[in-house]
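Visitor: Below you will find the structure I want to go over with you.
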Amino acid sequence: MPLALDQKVGAVVWSPLGWGRLTGKIRRGQPLPEISRLHSQAIVDAGPPLADEYIYGVVDVIDEVAKETGKTVPQIAINWVLQRPTVATVIIGARNADQLRQNLGAVGWNLAPGQVAQLDIASATTPVYPYWHQRGFTERNPSPV
């Protein structure tokens with residue numbers, strides 16, 4: 001989002017927990033929880049197509065950071081998104097008051113730069129052209145963080 005940085009424009013991020021994928025409830029080798037948005041094909045089709053193993057790898061690193069900080073997996077995920085310089089706010093979809101309280105615990109503190117870097121590395125993907133090409137021109141396309 002180099003243009004947003006340059007123009008001082010913020011984004012509103014919808015579903016920072018990735019349709020429930022970054023809650024920590026979806027784990028490698030385990031079935032989906034009984035109550036999950038991902039049981040709905042409409043929800044699955046609405047979100048970006050992501051390989052399960054990719055998600056598990058990201059959640060593994062979120063788990064590590066959660067243990068370091070004493071925060072929950074969803075709190076780490078939401079805080080990580082909120083620390084992006086072009087993110088103005090997030091729209092969370094808490095199903096009940098407990099989820100809402102937990103999600104609200106994602107604000108009022110910041111992940112350490114090293115923790116953000118760990119999460120960025122774990123979640124990195126090769127962007128489509130021309131974005132991968134633009135990475136070679138950092139003077140015109142600075143890193144978002």
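All residue names refer to the structure tokens as shown: chains lettered A, B, ... in order, residues numbered from 1 in each chain, ligands numbered from 1 in order.
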Applying 7 Å and only C-alpha atoms, which residues near region 62-71 of chain A remain after dropping the ones on its own chain fewer than 5 positions away? List them as a list in words.
Guide: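 Residues meeting the cut-off are Ile76, Ala77, Gln115 and Leu119 of chain A.
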Visitor: Which of chain A counts as helix (DSSP H, G or I) under DSSP, as a ChimeraX atom specification please?
Guide: /A:2-7,37-39,41-46,52-69,73-82,97-104,113-123,131-134
Visitor: Using DSSP secondary structure from the backbone, list all strand (DSSP E) positions within region 7-142 of chain A, as an MDAnalysis selection string.
Guide: chainID A and resid 11:14 87:91
Visitor: Residues as selected, N, CA and C atoms, written as a PDB file, in the first residue's frame, can you do that?
Guide:
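Now in part_35.pdb:
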```pdb
ATOM      1  N   ALA A  11      -6.875   2.297   5.530  1.00  0.00           N
ATOM      2  CA  ALA A  11      -7.787   1.248   5.074  1.00  0.00           C
ATOM      3  C   ALA A  11      -8.607   0.734   6.248  1.00  0.00           C
ATOM      4  N   VAL A  12      -9.815   0.301   5.937  1.00  0.00           N
ATOM      5  CA  VAL A  12     -10.663  -0.380   6.905  1.00  0.00           C
ATOM      6  C   VAL A  12     -10.600  -1.858   6.535  1.00  0.00           C
ATOM      7  N   VAL A  13     -10.092  -2.678   7.449  1.00  0.00           N
ATOM      8  CA  VAL A  13      -9.905  -4.105   7.161  1.00  0.00           C
ATOM      9  C   VAL A  13     -11.091  -4.887   7.705  1.00  0.00           C
ATOM     10  N   TRP A  14     -11.712  -5.612   6.824  1.00  0.00           N
ATOM     11  CA  TRP A  14     -12.853  -6.449   7.174  1.00  0.00           C
ATOM     12  C   TRP A  14     -12.354  -7.863   7.425  1.00  0.00           C
ATOM     13  N   VAL A  87      -3.468   0.794   7.983  1.00  0.00           N
ATOM     14  CA  VAL A  87      -4.730   0.295   8.525  1.00  0.00           C
ATOM     15  C   VAL A  87      -5.254   1.295   9.557  1.00  0.00           C
ATOM     16  N   ALA A  88      -6.440   1.841   9.271  1.00  0.00           N
ATOM     17  CA  ALA A  88      -7.059   2.802  10.178  1.00  0.00           C
ATOM     18  C   ALA A  88      -7.868   2.084  11.256  1.00  0.00           C
ATOM     19  N   THR A  89      -8.549   1.009  10.885  1.00  0.00           N
ATOM     20  CA  THR A  89      -9.363   0.256  11.826  1.00  0.00           C
ATOM     21  C   THR A  89      -9.706  -1.098  11.222  1.00  0.00           C
ATOM     22  N   VAL A  90     -10.299  -1.942  12.049  1.00  0.00           N
ATOM     23  CA  VAL A  90     -10.736  -3.261  11.583  1.00  0.00           C
ATOM     24  C   VAL A  90     -12.212  -3.449  11.906  1.00  0.00           C
ATOM     25  N   ILE A  91     -12.866  -4.279  11.128  1.00  0.00           N
ATOM     26  CA  ILE A  91     -14.255  -4.666  11.402  1.00  0.00           C
ATOM     27  C   ILE A  91     -14.210  -6.121  11.833  1.00  0.00           C
TER      28      ILE A  91
END
```
Visitor: Find the residue from A:Gly93, A:Gly57, A:Pro85, A:Gly18 that sits nearest to Ala124 (chain A); use only C-alpha atoms when measuring.
Guide: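 Comparing A:Gly93, A:Gly57, A:Pro85, A:Gly18 against Ala124 (chain A), the winner is A:Gly57.
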Visitor: Applying 12 Å and only C-alpha atoms, which residues near Gly47 (chain A) remain after dropping the ones on its own chain fewer than 4 positions away? List them as a list in words.
Guide: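 Skipping anything fewer than 4 positions along the chain leaves Trp14, Ser15, Pro16, Leu17, Gly18, Trp19, Gly20, Arg21, Arg37, Leu38, Ser40, Gln41, Ala42, Ile43 and Ala51 of chain A.
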Visitor: If you keep N, CA, C and O atoms, can you produce a file of those selected residues as a short mmCIF file (atom, residue, chain, number, x, y, z; two decimals), in the first residue's frame?
Guide:
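Contents of the output file result35.cif:
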```cif
data_model
loop_
_atom_site.label_atom_id
_atom_site.label_comp_id
_atom_site.auth_asym_id
_atom_site.auth_seq_id
_atom_site.Cartn_x
_atom_site.Cartn_y
_atom_site.Cartn_z
N TRP A 14 -11.71 -5.61 6.82
CA TRP A 14 -12.85 -6.45 7.17
C TRP A 14 -12.35 -7.86 7.43
O TRP A 14 -11.52 -8.37 6.68
N SER A 15 -12.81 -8.48 8.49
CA SER A 15 -12.47 -9.85 8.86
C SER A 15 -10.97 -10.06 9.08
O SER A 15 -10.33 -10.87 8.41
N PRO A 16 -10.39 -9.34 10.06
CA PRO A 16 -8.96 -9.48 10.31
C PRO A 16 -8.56 -10.87 10.80
O PRO A 16 -7.38 -11.21 10.79
N LEU A 17 -9.53 -11.68 11.20
CA LEU A 17 -9.23 -13.05 11.62
C LEU A 17 -9.43 -14.05 10.48
O LEU A 17 -9.47 -15.26 10.70
N GLY A 18 -9.53 -13.52 9.26
CA GLY A 18 -9.56 -14.38 8.08
C GLY A 18 -10.71 -15.38 8.08
O GLY A 18 -10.49 -16.56 7.85
N TRP A 19 -11.92 -14.90 8.34
CA TRP A 19 -13.10 -15.77 8.33
C TRP A 19 -12.96 -16.88 9.37
O TRP A 19 -13.39 -17.99 9.16
N GLY A 20 -12.32 -16.55 10.47
CA GLY A 20 -12.15 -17.51 11.55
C GLY A 20 -10.88 -18.34 11.46
O GLY A 20 -10.55 -19.09 12.37
N ARG A 21 -10.15 -18.21 10.37
CA ARG A 21 -8.95 -19.03 10.18
C ARG A 21 -7.83 -18.68 11.16
O ARG A 21 -6.98 -19.50 11.46
N ARG A 37 -17.68 -20.48 10.89
CA ARG A 37 -18.16 -19.86 9.64
C ARG A 37 -17.72 -20.67 8.43
O ARG A 37 -18.35 -20.63 7.39
N LEU A 38 -16.63 -21.38 8.58
CA LEU A 38 -16.08 -22.11 7.44
C LEU A 38 -16.88 -23.36 7.06
O LEU A 38 -16.56 -24.01 6.08
N SER A 40 -19.82 -22.95 6.06
CA SER A 40 -20.65 -22.37 5.01
C SER A 40 -19.83 -22.20 3.73
O SER A 40 -18.82 -21.50 3.73
N GLN A 41 -20.26 -22.84 2.65
CA GLN A 41 -19.56 -22.71 1.38
C GLN A 41 -19.57 -21.26 0.90
O GLN A 41 -18.61 -20.81 0.28
N ALA A 42 -20.64 -20.53 1.20
CA ALA A 42 -20.72 -19.12 0.80
C ALA A 42 -19.60 -18.32 1.47
O ALA A 42 -18.98 -17.46 0.83
N ILE A 43 -19.32 -18.60 2.73
CA ILE A 43 -18.24 -17.92 3.44
C ILE A 43 -16.89 -18.32 2.85
O ILE A 43 -16.03 -17.47 2.59
N ALA A 51 -4.38 -22.10 0.94
CA ALA A 51 -4.09 -23.51 1.25
C ALA A 51 -4.11 -23.71 2.76
O ALA A 51 -3.62 -22.86 3.52
#
```
Visitor: I want to know what sits within 12 Å of Pro113 (chain A), based on only C-alpha atoms, with residues of the same chain fewer than 6 positions away left out; could you give that as an MDAnalysis selection string?
Guide: chainID A and resid 65 80 83:84 119:120 145
Visitor: Find the residues near Ala94 (chain A): any atom within 8 Å, counting only C-alpha atoms, skip ones fewer than 4 places away on the same chain, and give them as a VMD selection string.
Guide: chain A and resid 99 to 100 103
Visitor: Could you write those residues out with N, CA and C atoms, as a PDB file, in the first residue's frame?
Guide:
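After the write, part_9.pdb holds the following:
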```
ATOM      1  N   GLN A  99     -16.435 -13.412  22.688  1.00  0.00           N
ATOM      2  CA  GLN A  99     -15.540 -13.163  21.554  1.00  0.00           C
ATOM      3  C   GLN A  99     -15.257 -11.669  21.420  1.00  0.00           C
ATOM      4  N   LEU A 100     -16.269 -10.860  21.609  1.00  0.00           N
ATOM      5  CA  LEU A 100     -16.073  -9.411  21.515  1.00  0.00           C
ATOM      6  C   LEU A 100     -15.074  -8.930  22.553  1.00  0.00           C
ATOM      7  N   ASN A 103     -11.602 -10.036  21.547  1.00  0.00           N
ATOM      8  CA  ASN A 103     -11.087  -9.265  20.414  1.00  0.00           C
ATOM      9  C   ASN A 103     -10.693  -7.851  20.832  1.00  0.00           C
TER      10      ASN A 103
END
```
Visitor: Using Å and a single decimal, report how far CA of Ala117 (chain A) sits from CA of Thr23 (chain A).
Guide: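 Those two atoms sit 19.7 Å apart.
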Visitor: Could you list, as a PyMOL selection string, every residue within 8 Å of Leu5 (chain A), counting only C-alpha atoms and ignoring same-chain residues fewer than 3 positions away?
Guide: chain A and resi 1-2+8-9+85-86+144
Visitor: One number please: CA of Leu32 (chain A) to CA of Pro127 (chain A), in Å, one decimal.
Guide: 28.4 Å
Visitor: Using only C-alpha atoms, which protein or nucleic acid residues come within 12 Å of Tyr56 (chain A)? Drop anything in the same chain fewer than 4 positions from it, and give the result as number ranges by chain.
Guide: A: 21-30, 50-52, 60-63, 122-123
Visitor: Could you tell me which of A:Gln75, A:Gln134, A:Thr125, A:Asn96 comes closest to Leu111 (chain A) if we count only C-alpha atoms?
Guide: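 Closest to Leu111 (chain A), using only C-alpha atoms: A:Gln75.
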Visitor: Looking at only C-alpha atoms, which of A:Ile55, A:Ala106, A:Ala46, A:Ile121 is the one that sits closest to Val73 (chain A)?
Guide: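 Of A:Ile55, A:Ala106, A:Ala46, A:Ile121, the one nearest Val73 (chain A), counting only C-alpha atoms, is A:Ala106.
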